[in-house]
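What's in final13.txt: compact mmCIF, C-alpha atoms (C1' of nucleotides)
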# COMPACT_ATOMS: atom_id res chain seq x y z
CA MET T 1409 -15.21 -32.72 16.50
CA ALA T 1410 -11.93 -33.22 14.72
CA ARG T 1411 -8.34 -31.98 14.51
CA ALA T 1412 -7.69 -28.56 16.05
CA GLU T 1413 -5.92 -25.72 14.24
CA THR T 1414 -2.22 -25.62 15.01
CA TYR T 1415 -1.67 -21.96 14.22
CA ASN T 1416 -2.84 -18.82 15.98
CA ARG T 1417 -4.66 -16.55 13.58
CA ASP T 1418 -3.49 -13.29 15.16
CA THR T 1419 0.11 -14.45 15.39
CA ALA T 1420 0.02 -15.51 11.75
CA LEU T 1421 -1.51 -12.19 10.71
CA ASP T 1422 1.17 -10.29 12.60
CA ALA T 1423 3.85 -12.24 10.76
CA ALA T 1424 2.18 -11.59 7.40
CA LEU T 1425 1.77 -7.94 8.31
CA ALA T 1426 5.47 -7.61 9.06
CA ILE T 1427 6.54 -8.88 5.63
CA PHE T 1428 3.85 -7.10 3.65
CA TRP T 1429 4.70 -3.84 5.37
CA ARG T 1430 8.38 -4.21 4.55
CA LYS T 1431 8.27 -5.64 1.05
CA GLY T 1432 4.92 -4.49 -0.22
CA TYR T 1433 2.32 -6.63 -1.97
CA HIS T 1434 4.00 -7.62 -5.23
CA ALA T 1435 7.50 -8.24 -3.90
CA THR T 1436 6.18 -10.61 -1.23
CA SER T 1437 6.00 -14.16 -2.56
CA LEU T 1438 4.12 -17.11 -1.15
CA LYS T 1439 7.47 -18.67 -0.33
CA ASP T 1440 8.15 -15.67 1.89
CA LEU T 1441 4.78 -16.05 3.58
CA GLU T 1442 5.19 -19.81 4.09
CA ALA T 1443 8.48 -19.16 5.87
CA ALA T 1444 7.13 -16.30 7.98
CA LEU T 1445 3.88 -17.97 9.00
CA SER T 1446 5.45 -21.43 9.33
CA MET T 1447 2.57 -22.75 7.30
CA LYS T 1448 2.41 -24.80 4.12
CA PRO T 1449 0.61 -23.35 1.08
CA GLY T 1450 -2.45 -25.53 1.61
CA SER T 1451 -2.92 -24.31 5.16
CA ILE T 1452 -2.46 -20.69 4.18
CA TYR T 1453 -5.15 -20.99 1.53
CA ALA T 1454 -7.48 -22.89 3.85
CA ALA T 1455 -7.07 -20.17 6.44
CA PHE T 1456 -6.91 -17.01 4.34
CA LYS T 1457 -8.41 -17.83 0.93
CA SER T 1458 -5.81 -16.02 -1.21
CA LYS T 1459 -2.72 -13.84 -1.13
CA GLU T 1460 -4.86 -10.78 -1.74
CA ALA T 1461 -7.29 -11.68 1.06
CA LEU T 1462 -4.38 -12.28 3.41
CA PHE T 1463 -2.99 -8.89 2.52
CA LYS T 1464 -6.32 -7.23 3.17
CA ASP T 1465 -6.62 -8.96 6.55
CA SER T 1466 -3.08 -7.90 7.40
CA LEU T 1467 -3.81 -4.31 6.46
CA ALA T 1468 -7.00 -4.36 8.51
CA ARG T 1469 -4.98 -5.59 11.47
CA TYR T 1470 -2.44 -2.82 10.89
CA PHE T 1471 -5.28 -0.31 10.95
CA ASP T 1472 -6.78 -1.78 14.13
CA GLN T 1473 -3.44 -1.69 15.91
CA GLY T 1474 -2.88 1.91 14.87
CA ARG T 1475 -6.30 2.96 16.05
CA ALA T 1476 -5.85 1.10 19.34
CA LYS T 1477 -2.54 2.87 19.93
CA PHE T 1478 -4.13 6.25 19.25
CA GLU T 1479 -7.07 5.57 21.55
CA GLU T 1480 -4.74 4.43 24.27
CA GLN T 1481 -2.87 7.72 23.97
CA LEU T 1482 -6.18 9.55 24.19
CA ALA T 1483 -7.09 7.62 27.31
CA THR T 1484 -3.73 8.25 28.94
CA SER T 1485 -3.70 12.02 28.61
CA PRO T 1486 -6.35 14.23 30.27
CA MET T 1487 -5.91 16.88 27.56
CA ILE T 1488 -6.76 15.75 24.04
CA ILE T 1489 -4.33 18.21 22.56
CA ASP T 1490 -1.55 16.56 24.56
CA ALA T 1491 -2.54 13.15 23.24
CA LEU T 1492 -2.45 14.46 19.68
CA ALA T 1493 0.98 15.90 20.35
CA ALA T 1494 2.22 12.66 21.90
CA HIS T 1495 0.90 10.70 18.95
CA LEU T 1496 2.86 12.91 16.57
CA GLN T 1497 5.99 12.65 18.68
CA SER T 1498 5.75 8.87 18.70
CA PHE T 1499 6.50 8.91 14.98
CA ALA T 1500 9.69 10.93 15.32
CA ALA T 1501 12.78 8.98 14.32
CA GLN T 1502 14.03 6.37 16.73
CA GLU T 1503 17.63 5.18 16.80
CA ARG T 1504 17.12 2.23 14.51
CA ARG T 1505 17.45 3.51 10.97
CA ALA T 1506 17.05 1.66 7.68
CA ASP T 1507 13.87 -0.06 8.80
CA PRO T 1508 11.73 -0.20 5.66
CA ALA T 1509 8.62 -0.34 7.82
CA GLN T 1510 8.57 3.29 8.92
CA ALA T 1511 6.23 4.84 6.39
CA CYS T 1512 2.54 4.23 6.88
CA MET T 1513 1.53 0.89 5.37
CA ILE T 1514 -1.78 2.35 4.21
CA VAL T 1515 -0.01 5.05 2.21
CA LYS T 1516 2.46 2.53 0.81
CA THR T 1517 -0.41 0.31 -0.30
CA ILE T 1518 -2.22 3.11 -2.11
CA LEU T 1519 0.91 4.19 -3.95
CA GLU T 1520 2.02 0.71 -4.94
CA ASN T 1521 -1.32 -0.67 -6.05
CA ALA T 1522 -3.23 2.27 -7.50
CA GLU T 1523 -2.80 0.93 -11.03
CA ALA T 1524 -2.17 -2.82 -10.85
CA GLU T 1525 -4.44 -3.74 -7.92
CA PRO T 1526 -7.10 -1.02 -7.63
CA HIS T 1527 -9.16 -3.09 -5.18
CA LEU T 1528 -6.33 -3.01 -2.68
CA ALA T 1529 -5.73 0.71 -3.22
CA ASP T 1530 -9.41 1.50 -2.71
CA TYR T 1531 -9.51 -0.62 0.41
CA ALA T 1532 -6.47 1.24 1.77
CA ARG T 1533 -7.98 4.61 0.84
CA ASP T 1534 -11.00 3.69 2.91
CA LEU T 1535 -8.81 2.97 5.93
CA PHE T 1536 -6.98 6.25 5.35
CA ASP T 1537 -10.32 8.07 5.52
CA LYS T 1538 -11.36 6.18 8.64
CA THR T 1539 -8.10 7.16 10.30
CA ARG T 1540 -8.73 10.80 9.52
CA ALA T 1541 -12.26 10.46 10.87
CA GLY T 1542 -10.73 9.37 14.16
CA PHE T 1543 -8.54 12.46 14.23
CA GLN T 1544 -11.49 14.66 13.38
CA HIS T 1545 -13.49 13.23 16.24
CA ALA T 1546 -10.62 14.01 18.61
CA PHE T 1547 -10.41 17.60 17.39
CA LYS T 1548 -14.15 18.06 17.81
CA THR T 1549 -14.01 16.76 21.34
CA ALA T 1550 -11.10 19.07 22.06
CA GLN T 1551 -13.24 21.97 20.83
CA ALA T 1552 -16.19 20.86 22.96
CA GLN T 1553 -13.91 20.79 25.99
CA GLY T 1554 -12.63 24.27 25.21
CA GLU T 1555 -9.05 23.16 24.47
CA ILE T 1556 -9.22 24.55 20.95
CA ASP T 1557 -11.07 27.53 19.52
CA ALA T 1558 -14.44 26.29 18.21
CA GLN T 1559 -14.03 28.62 15.23
CA HIS T 1560 -11.65 26.20 13.54
CA ASP T 1561 -12.93 23.70 10.99
CA ALA T 1562 -12.40 20.29 12.57
CA GLU T 1563 -12.29 18.59 9.18
CA ALA T 1564 -9.52 20.88 7.98
CA LEU T 1565 -7.62 20.39 11.22
CA ALA T 1566 -7.85 16.62 10.87
CA LYS T 1567 -6.69 16.74 7.26
CA ALA T 1568 -3.68 18.89 8.18
CA TYR T 1569 -2.90 16.68 11.16
CA GLN T 1570 -3.00 13.53 9.05
CA ALA T 1571 -0.76 15.18 6.47
CA HIS T 1572 1.72 15.94 9.24
CA VAL T 1573 1.73 12.35 10.45
CA THR T 1574 2.23 11.12 6.90
CA THR T 1575 5.07 13.56 6.26
CA LEU T 1576 6.81 12.63 9.49
CA ARG T 1577 6.66 8.89 8.81
CA LEU T 1578 7.73 9.42 5.23
CA ASP T 1579 10.70 11.47 6.35
CA ASN T 1580 11.65 8.68 8.75
CA GLN T 1581 11.96 6.32 5.82
CA ILE T 1582 13.37 8.61 3.16
CA GLY T 1583 15.62 10.91 5.15
CA THR T 1584 18.96 9.88 6.59
CA ASN T 1585 19.19 12.24 9.53
CA PRO T 1586 17.10 11.27 12.61
CA GLU T 1587 17.77 14.69 14.13
CA ASP T 1588 15.84 16.30 11.26
CA SER T 1589 12.81 14.15 11.97
CA ARG T 1590 12.81 15.13 15.61
CA LYS T 1591 13.01 18.82 14.74
CA LEU T 1592 10.22 18.38 12.23
CA ALA T 1593 8.04 16.73 14.87
CA GLU T 1594 8.72 19.54 17.33
CA ARG T 1595 7.69 22.18 14.81
CA MET T 1596 4.47 20.29 14.14
CA VAL T 1597 3.72 19.97 17.84
CA ALA T 1598 4.33 23.69 18.31
CA GLU T 1599 1.89 24.46 15.51
CA LEU T 1600 -0.66 22.17 17.14
CA LYS T 1601 -0.36 23.75 20.59
CA ALA T 1602 -0.69 27.23 19.10
CA LEU T 1603 -4.28 26.51 18.05
CA MET B 1386 28.72 0.84 -40.95
CA ALA B 1387 25.66 -1.35 -40.68
CA ARG B 1388 21.98 -1.36 -39.89
CA ALA B 1389 20.65 1.72 -38.11
CA GLU B 1390 18.60 1.65 -34.91
CA THR B 1391 14.87 1.80 -35.56
CA TYR B 1392 13.86 3.19 -32.18
CA ASN B 1393 14.42 6.56 -30.59
CA ARG B 1394 16.05 6.21 -27.21
CA ASP B 1395 14.30 9.16 -25.59
CA THR B 1396 10.89 8.16 -26.91
CA ALA B 1397 11.41 4.64 -25.64
CA LEU B 1398 12.51 5.92 -22.24
CA ASP B 1399 9.46 8.16 -22.00
CA ALA B 1400 7.23 5.16 -22.71
CA ALA B 1401 9.03 3.08 -20.09
CA LEU B 1402 8.84 5.96 -17.65
CA ALA B 1403 5.07 6.22 -18.10
CA ILE B 1404 4.46 2.58 -17.18
CA PHE B 1405 7.00 2.40 -14.39
CA TRP B 1406 5.55 5.54 -12.84
CA ARG B 1407 2.03 4.13 -12.92
CA LYS B 1408 2.60 0.51 -12.01
CA GLY B 1409 5.84 0.63 -10.09
CA TYR B 1410 8.84 -1.62 -10.59
CA HIS B 1411 7.57 -5.07 -9.61
CA ALA B 1412 4.10 -4.86 -11.14
CA THR B 1413 5.55 -3.88 -14.52
CA SER B 1414 6.36 -6.95 -16.60
CA LEU B 1415 8.55 -7.24 -19.65
CA LYS B 1416 5.41 -7.98 -21.65
CA ASP B 1417 4.13 -4.57 -20.58
CA LEU B 1418 7.38 -2.93 -21.63
CA GLU B 1419 7.50 -4.74 -24.99
CA ALA B 1420 4.03 -3.41 -25.78
CA ALA B 1421 4.79 0.13 -24.61
CA LEU B 1422 8.16 0.46 -26.32
CA SER B 1423 7.09 -1.50 -29.42
CA MET B 1424 10.30 -3.47 -29.06
CA LYS B 1425 10.98 -7.19 -28.82
CA PRO B 1426 12.76 -8.54 -25.75
CA GLY B 1427 16.06 -8.92 -27.57
CA SER B 1428 16.09 -5.28 -28.64
CA ILE B 1429 15.17 -4.06 -25.20
CA TYR B 1430 18.06 -5.98 -23.67
CA ALA B 1431 20.48 -4.86 -26.37
CA ALA B 1432 19.49 -1.27 -25.73
CA PHE B 1433 19.00 -1.18 -21.96
CA LYS B 1434 20.83 -4.20 -20.51
CA SER B 1435 18.17 -5.27 -18.00
CA LYS B 1436 14.80 -4.39 -16.52
CA GLU B 1437 16.50 -2.82 -13.54
CA ALA B 1438 18.83 -0.72 -15.70
CA LEU B 1439 15.88 0.40 -17.80
CA PHE B 1440 14.08 1.43 -14.64
CA LYS B 1441 17.08 3.40 -13.45
CA ASP B 1442 17.39 5.17 -16.80
CA SER B 1443 13.68 5.96 -16.72
CA LEU B 1444 13.95 7.36 -13.21
CA ALA B 1445 16.96 9.44 -14.22
CA ARG B 1446 14.93 10.83 -17.10
CA TYR B 1447 12.06 11.58 -14.72
CA PHE B 1448 14.50 13.48 -12.53
CA ASP B 1449 15.95 15.43 -15.46
CA GLN B 1450 12.51 16.43 -16.69
CA GLY B 1451 11.51 17.58 -13.23
CA ARG B 1452 14.67 19.62 -12.82
CA ALA B 1453 14.23 21.14 -16.28
CA LYS B 1454 10.68 22.15 -15.47
CA PHE B 1455 11.81 23.78 -12.21
CA GLU B 1456 14.63 25.66 -13.89
CA GLU B 1457 12.29 26.86 -16.59
CA GLN B 1458 10.00 28.25 -13.90
CA LEU B 1459 13.00 29.96 -12.31
CA ALA B 1460 13.96 31.49 -15.64
CA THR B 1461 10.42 32.68 -16.34
CA SER B 1462 9.88 34.59 -13.11
CA PRO B 1463 12.05 37.58 -12.12
CA MET B 1464 11.44 36.87 -8.41
CA ILE B 1465 12.70 33.49 -7.19
CA ILE B 1466 10.04 33.36 -4.51
CA ASP B 1467 7.39 33.61 -7.22
CA ALA B 1468 8.96 30.75 -9.13
CA LEU B 1469 8.94 28.60 -5.99
CA ALA B 1470 5.30 29.49 -5.46
CA ALA B 1471 4.43 28.69 -9.08
CA HIS B 1472 6.23 25.37 -8.82
CA LEU B 1473 4.16 24.45 -5.77
CA GLN B 1474 0.93 25.55 -7.45
CA SER B 1475 1.72 23.43 -10.49
CA PHE B 1476 1.25 20.34 -8.33
CA ALA B 1477 -2.21 21.32 -7.13
CA ALA B 1478 -4.91 18.95 -8.35
CA GLN B 1479 -5.93 19.22 -11.97
CA GLU B 1480 -9.33 18.08 -13.24
CA ARG B 1481 -8.25 14.60 -14.20
CA ARG B 1482 -8.50 12.43 -11.11
CA ALA B 1483 -7.60 8.78 -10.64
CA ASP B 1484 -4.31 9.16 -12.46
CA PRO B 1485 -1.94 6.86 -10.58
CA ALA B 1486 0.99 8.94 -11.73
CA GLN B 1487 0.46 11.92 -9.44
CA ALA B 1488 2.72 11.12 -6.55
CA CYS B 1489 6.44 11.72 -7.06
CA MET B 1490 8.00 8.71 -8.77
CA ILE B 1491 11.15 9.09 -6.67
CA VAL B 1492 9.17 8.78 -3.45
CA LYS B 1493 7.17 5.85 -4.85
CA THR B 1494 10.40 4.09 -5.77
CA ILE B 1495 11.92 4.50 -2.32
CA LEU B 1496 8.81 3.20 -0.60
CA GLU B 1497 8.28 0.24 -2.90
CA ASN B 1498 11.86 -0.97 -3.12
CA ALA B 1499 13.45 -0.18 0.24
CA GLU B 1500 13.47 -3.85 1.21
CA ALA B 1501 13.38 -5.95 -1.96
CA GLU B 1502 15.56 -3.80 -4.24
CA PRO B 1503 17.75 -1.62 -2.03
CA HIS B 1504 19.89 -0.54 -4.99
CA LEU B 1505 16.91 1.12 -6.60
CA ALA B 1506 15.82 2.73 -3.34
CA ASP B 1507 19.31 4.13 -2.73
CA TYR B 1508 19.48 5.44 -6.27
CA ALA B 1509 16.11 7.15 -5.79
CA ARG B 1510 17.19 8.56 -2.42
CA ASP B 1511 20.15 10.14 -4.13
CA LEU B 1512 17.88 11.84 -6.68
CA PHE B 1513 15.64 12.99 -3.83
CA ASP B 1514 18.66 14.65 -2.22
CA LYS B 1515 19.74 16.23 -5.49
CA THR B 1516 16.26 17.65 -5.93
CA ARG B 1517 16.42 19.22 -2.48
CA ALA B 1518 19.85 20.62 -3.29
CA GLY B 1519 18.27 22.43 -6.22
CA PHE B 1520 15.63 23.95 -3.93
CA GLN B 1521 18.31 24.94 -1.43
CA HIS B 1522 20.28 26.72 -4.13
CA ALA B 1523 17.17 28.66 -5.11
CA PHE B 1524 16.53 29.72 -1.52
CA LYS B 1525 20.13 30.85 -1.11
CA THR B 1526 19.93 32.93 -4.27
CA ALA B 1527 16.67 34.43 -3.04
CA GLN B 1528 18.44 35.39 0.17
CA ALA B 1529 21.36 36.88 -1.74
CA GLN B 1530 18.91 38.98 -3.76
CA GLY B 1531 17.18 40.16 -0.60
CA GLU B 1532 13.88 38.43 -1.31
CA ILE B 1533 14.11 36.40 1.89
CA ASP B 1534 15.60 37.22 5.26
CA ALA B 1535 19.18 35.94 5.29
CA GLN B 1536 18.68 34.84 8.90
CA HIS B 1537 16.81 31.73 7.76
CA ASP B 1538 18.61 28.42 7.35
CA ALA B 1539 18.46 27.66 3.63
CA GLU B 1540 18.83 23.95 4.24
CA ALA B 1541 15.87 23.89 6.60
CA LEU B 1542 13.83 25.94 4.15
CA ALA B 1543 14.62 23.52 1.35
CA LYS B 1544 13.71 20.54 3.48
CA ALA B 1545 10.38 22.07 4.46
CA TYR B 1546 9.70 23.09 0.87
CA GLN B 1547 10.41 19.60 -0.43
CA ALA B 1548 8.14 18.15 2.25
CA HIS B 1549 5.39 20.46 1.04
CA VAL B 1550 5.80 19.35 -2.56
CA THR B 1551 5.75 15.72 -1.49
CA THR B 1552 2.65 16.19 0.65
CA LEU B 1553 0.82 18.02 -2.13
CA ARG B 1554 1.54 15.34 -4.73
CA LEU B 1555 0.68 12.61 -2.28
CA ASP B 1556 -2.63 14.27 -1.50
CA ASN B 1557 -3.35 14.46 -5.22
CA GLN B 1558 -3.10 10.71 -5.44
CA ILE B 1559 -4.62 9.67 -2.12
CA GLY B 1560 -7.33 12.27 -1.59
CA THR B 1561 -10.57 12.35 -3.52
CA ASN B 1562 -11.35 16.05 -3.36
CA PRO B 1563 -9.38 18.26 -5.81
CA GLU B 1564 -10.64 21.36 -3.98
CA ASP B 1565 -8.75 20.24 -0.87
CA SER B 1566 -5.51 20.01 -2.79
CA ARG B 1567 -5.92 23.52 -4.13
CA LYS B 1568 -6.58 24.91 -0.67
CA LEU B 1569 -3.57 23.04 0.64
CA ALA B 1570 -1.39 24.53 -2.07
CA GLU B 1571 -2.65 28.03 -1.31
CA ARG B 1572 -1.81 27.68 2.36
CA MET B 1573 1.69 26.49 1.46
CA VAL B 1574 2.20 29.40 -0.91
CA ALA B 1575 1.03 31.84 1.77
CA GLU B 1576 3.53 30.38 4.21
CA LEU B 1577 6.24 30.73 1.59
CA LYS B 1578 5.49 34.37 0.81
CA ALA B 1579 5.44 35.23 4.51
CA LEU B 1580 9.17 34.50 4.79
C1' DC N 503 26.25 -6.21 -56.40
C1' DA N 504 28.57 -8.86 -53.07
C1' DG N 505 30.53 -8.47 -48.41
C1' DT N 506 30.41 -6.99 -43.74
C1' DA N 507 28.57 -5.72 -39.56
C1' DA N 508 25.15 -3.75 -36.49
C1' DT N 509 20.36 -4.39 -35.26
C1' DT N 510 15.94 -6.88 -34.85
C1' DT N 511 13.45 -10.91 -34.27
C1' DG N 512 10.71 -14.21 -31.45
C1' DA N 513 10.68 -18.94 -30.07
C1' DG N 514 11.99 -20.75 -26.08
C1' DC N 515 14.84 -21.19 -21.60
C1' DA N 516 15.08 -22.05 -16.51
C1' DA N 517 13.10 -20.13 -12.60
C1' DT N 518 9.49 -18.55 -10.13
C1' DC N 519 4.72 -17.23 -9.57
C1' DA N 520 0.09 -18.03 -7.04
C1' DC N 521 -2.38 -21.88 -6.16
C1' DT N 522 -4.57 -26.98 -5.83
C1' DC N 523 -5.79 -31.42 -4.08
C1' DA N 524 -5.37 -36.24 -2.86
C1' DA N 525 -3.22 -38.29 0.80
C1' DA N 526 -1.47 -38.16 5.55
C1' DT N 527 -2.25 -36.63 10.19
C1' DG N 528 -4.31 -35.53 14.38
C1' DT N 529 -8.49 -35.36 17.63
C1' DG N 530 -12.76 -35.78 20.04
C1' DA N 531 -17.04 -38.77 20.27
C1' DG N 532 -19.20 -43.18 20.81
C1' DC W 158 -10.12 -48.95 20.01
C1' DT W 159 -12.60 -47.31 15.98
C1' DC W 160 -14.79 -44.24 13.34
C1' DA W 161 -15.81 -39.54 11.47
C1' DC W 162 -13.95 -35.44 10.13
C1' DA W 163 -11.40 -31.11 10.31
C1' DT W 164 -6.77 -29.74 9.43
C1' DT W 165 -2.07 -30.18 7.52
C1' DT W 166 0.92 -31.63 4.15
C1' DG W 167 3.90 -30.81 -0.01
C1' DA W 168 4.56 -32.46 -4.57
C1' DG W 169 2.88 -30.72 -8.49
C1' DT W 170 -0.36 -27.60 -11.55
C1' DG W 171 -0.33 -24.23 -15.58
C1' DA W 172 0.85 -19.58 -16.15
C1' DT W 173 4.07 -16.07 -16.08
C1' DT W 174 8.50 -14.17 -14.86
C1' DG W 175 13.04 -11.93 -16.66
C1' DC W 176 15.99 -13.06 -20.08
C1' DT W 177 18.94 -15.47 -24.12
C1' DC W 178 20.65 -16.36 -28.63
C1' DA W 179 20.89 -18.24 -33.27
C1' DA W 180 18.85 -16.79 -37.29
C1' DA W 181 16.84 -13.17 -40.18
C1' DT W 182 16.97 -8.44 -41.56
C1' DT W 183 18.82 -4.12 -42.88
C1' DA W 184 22.17 -0.76 -44.56
C1' DC W 185 26.57 1.14 -45.50
C1' DT W 186 31.19 0.19 -48.00
C1' DG W 187 34.25 -1.06 -51.65
For the file at hand, write its structure as structure tokens.
Amino acid sequence: MARAETYNRDTALDAALAIFWRKGYHATSLKDLEAALSMKPGSIYAAFKSKEALFKDSLARYFDQGRAKFEEQLATSPMIIDALAAHLQSFAAQERRADPAQACMIVKTILENAEAEPHLADYARDLFDKTRAGFQHAFKTAQAQGEIDAQHDAEALAKAYQAHVTTLRLDNQIGTNPEDSRKLAERMVAELKAL
Amino acid sequence: MARAETYNRDTALDAALAIFWRKGYHATSLKDLEAALSMKPGSIYAAFKSKEALFKDSLARYFDQGRAKFEEQLATSPMIIDALAAHLQSFAAQERRADPAQACMIVKTILENAEAEPHLADYARDLFDKTRAGFQHAFKTAQAQGEIDAQHDAEALAKAYQAHVTTLRLDNQIGTNPEDSRKLAERMVAELKAL
DNA sequence: CAGTAATTTGAGCAATCACTCAAATGTGAG
DNA sequence: CTCACATTTGAGTGATTGCTCAAATTACTG
């Protein structure tokens, strides 16, 4: 064997994720990444192939972390509907304002790169669909367990739920009043529990 | 006097607006702008000062056009509630898909530039607030005319309405099924008319 | 038909971009 | 201790970035 890697792949990806989420794809330079990953350009390219590939890996990690968080919430709560409510609530505005990493990174990626980097946008769209599929599965299970009327269309429920999550996270970033976000979340939860 | 300008300012701004809306601020290069405006770099800088100033002017024009369209819809319909409904419907998915200029340019600007170009994001946030103020004024007038129960909080109504518009336009760009967007718009209109 | 002044032109600037690669460095095996 | 080899290093690549400015062009005035 030979020299061992000095970096930790997951740690490096988390650092890349943090910048890409905040600054977006185009505004993030390799200088930024070198500083954040504490790696020289040669190492970055040996490890991740290209800026675009690194972005994709970061976005994939973002998706995995989001899914893991959601599944943990599902595992915690006996009622699926409660987990869905808790997941929504978790996106209500915290104290810390002015954090540019509030809106969903997947949505940000689609909007920023639809024209200039269609590969990235398509990749993000795929993750957006996979996220909704996870929601849909949860709604179906909730129906099977009798928590929600089986009459409802699970696909439509999932689409509406995802729209709510997106709206809430968008409002966190755009709006200036945290109180508004909390009220918004409460209204959404009420709508959910009324099903 | 001396030599007359060969370009039309509004035409040039519309051309700049079209690219900026599609590609965003960072992905749009001056080469792109030169081609779209049919102007050489020197002329662009003489006329618009800088890339950032040109972007701001374009965004301001985008805002003005949006406001004009909304006010025209208000003037067309005798009932304000109908105008608000028509305005929502106008954002439901058209045939032409894959147009990267579906989502609101103001929202796109805030998301893209929150970290790297805070001036632009703040400017866009201000226009976002002004847009909501226009909605709020419409709701208040509707209440004064007895179209809507005066009990409702006009500010909350405007916020919810703006969120609906944003969601609809976002879905147009992210989603792949135009039918979904139309259904979404119908549900929003129903909610509006139930007030 | 000068003379004057505003506008347009486009080659080219320094800075930065994403990226490369030969040399230096570290590490386990023999 | 030496060799083989994976990994790290960082100066440097050509391309592109936003932008400048002296010179050319145009048009109104006297």
Define the interface residues of chain W facing chain T as those within 12 Å, counting all atoms listed in the file, and report them as a PyMOL selection string. chain W and resi 160-168
Radius query 12 Å about (-9.2, 11.6, -4.3), atoms used: all atoms listed in the file, as a ChimeraX atom specification: /T:1518,1522,1529-1530,1533-1534,1536-1537 /B:1478-1485,1487,1554-1566
Selection from above, C-alpha atoms, as a compact mmCIF listing (two decimals), in the coordinates of the input, can you write it?
# COMPACT_ATOMS: atom_id res chain seq x y z
CA ILE T 1518 -2.22 3.11 -2.11
CA ALA T 1522 -3.23 2.27 -7.50
CA ALA T 1529 -5.73 0.71 -3.22
CA ASP T 1530 -9.41 1.50 -2.71
CA ARG T 1533 -7.98 4.61 0.84
CA ASP T 1534 -11.00 3.69 2.91
CA PHE T 1536 -6.98 6.25 5.35
CA ASP T 1537 -10.32 8.07 5.52
CA ALA B 1478 -4.91 18.95 -8.35
CA GLN B 1479 -5.93 19.22 -11.97
CA GLU B 1480 -9.33 18.08 -13.24
CA ARG B 1481 -8.25 14.60 -14.20
CA ARG B 1482 -8.50 12.43 -11.11
CA ALA B 1483 -7.60 8.78 -10.64
CA ASP B 1484 -4.31 9.16 -12.46
CA PRO B 1485 -1.94 6.86 -10.58
CA GLN B 1487 0.46 11.92 -9.44
CA ARG B 1554 1.54 15.34 -4.73
CA LEU B 1555 0.68 12.61 -2.28
CA ASP B 1556 -2.63 14.27 -1.50
CA ASN B 1557 -3.35 14.46 -5.22
CA GLN B 1558 -3.10 10.71 -5.44
CA ILE B 1559 -4.62 9.67 -2.12
CA GLY B 1560 -7.33 12.27 -1.59
CA THR B 1561 -10.57 12.35 -3.52
CA ASN B 1562 -11.35 16.05 -3.36
CA PRO B 1563 -9.38 18.26 -5.81
CA GLU B 1564 -10.64 21.36 -3.98
CA ASP B 1565 -8.75 20.24 -0.87
CA SER B 1566 -5.51 20.01 -2.79
I'd like to know which of T:Ala1558, T:Leu1467, T:Leu1421, T:Leu1565 is closest to chain B, using all atoms listed in the file. T:Leu1565
W:DT182 environment, 10 Å, all atoms listed in the file, sequence neighbours closer than 2 positions dropped, as an NGL selection string: (:B and (1388)) or (:N and (509-511)) or (:W and (180 or 184))
Proximal residues of chain B relative to chain T (only C-alpha atoms; 8 Å) as an MDAnalysis selection string: chainID B and resid 1407:1409 1411:1412 1485 1488 1492:1493 1495:1501 1510 1548 1552 1558:1559
Selection to disk with C-alpha atoms, as a compact mmCIF listing (two decimals), keeping the file's coordinate frame:
# COMPACT_ATOMS: atom_id res chain seq x y z
CA ARG B 1407 2.03 4.13 -12.92
CA LYS B 1408 2.60 0.51 -12.01
CA GLY B 1409 5.84 0.63 -10.09
CA HIS B 1411 7.57 -5.07 -9.61
CA ALA B 1412 4.10 -4.86 -11.14
CA PRO B 1485 -1.94 6.86 -10.58
CA ALA B 1488 2.72 11.12 -6.55
CA VAL B 1492 9.17 8.78 -3.45
CA LYS B 1493 7.17 5.85 -4.85
CA ILE B 1495 11.92 4.50 -2.32
CA LEU B 1496 8.81 3.20 -0.60
CA GLU B 1497 8.28 0.24 -2.90
CA ASN B 1498 11.86 -0.97 -3.12
CA ALA B 1499 13.45 -0.18 0.24
CA GLU B 1500 13.47 -3.85 1.21
CA ALA B 1501 13.38 -5.95 -1.96
CA ARG B 1510 17.19 8.56 -2.42
CA ALA B 1548 8.14 18.15 2.25
CA THR B 1552 2.65 16.19 0.65
CA GLN B 1558 -3.10 10.71 -5.44
CA ILE B 1559 -4.62 9.67 -2.12
Do you have the atom CA of B:Leu1439-atom C1' of W:DG175 distance handy? 12.7 Å
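Residues in contact range of stretch 1600-1602 of chain T, defined as at most 9 Å between all atoms listed in the file, with sequence neighbours fewer than 5 positions away removed, read Ile1489, Asp1490, Leu1492, Ala1493, Ile1556, Tyr1569 and Arg1595 of chain T.
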Residue selection dump (C-alpha atoms) as a compact mmCIF listing (two decimals), in the coordinates of the input:
# COMPACT_ATOMS: atom_id res chain seq x y z
CA ILE T 1489 -4.33 18.21 22.56
CA ASP T 1490 -1.55 16.56 24.56
CA LEU T 1492 -2.45 14.46 19.68
CA ALA T 1493 0.98 15.90 20.35
CA ILE T 1556 -9.22 24.55 20.95
CA TYR T 1569 -2.90 16.68 11.16
CA ARG T 1595 7.69 22.18 14.81
Do you know which residues lie at most 10 Å from (18.3, 29.0, -2.7), with coordinates as in the file and only C-alpha atoms (C1' of nucleotides) counted, and could you write them as an MDAnalysis selection string? chainID B and resid 1465:1466 1469 1517:1529 1533 1539:1540 1542:1543
What does the structure give for the distance between atom CA of B:Phe1448 and atom CA of B:Ala1477, in Å to one decimal? 19.2 Å
Let me make sure I understand: among T:Asp1472, T:Asp1440, T:Asp1557, T:Glu1594, which one has the smallest atom-to-atom distance to T:Gln1497 if we use all atoms listed in the file? T:Glu1594
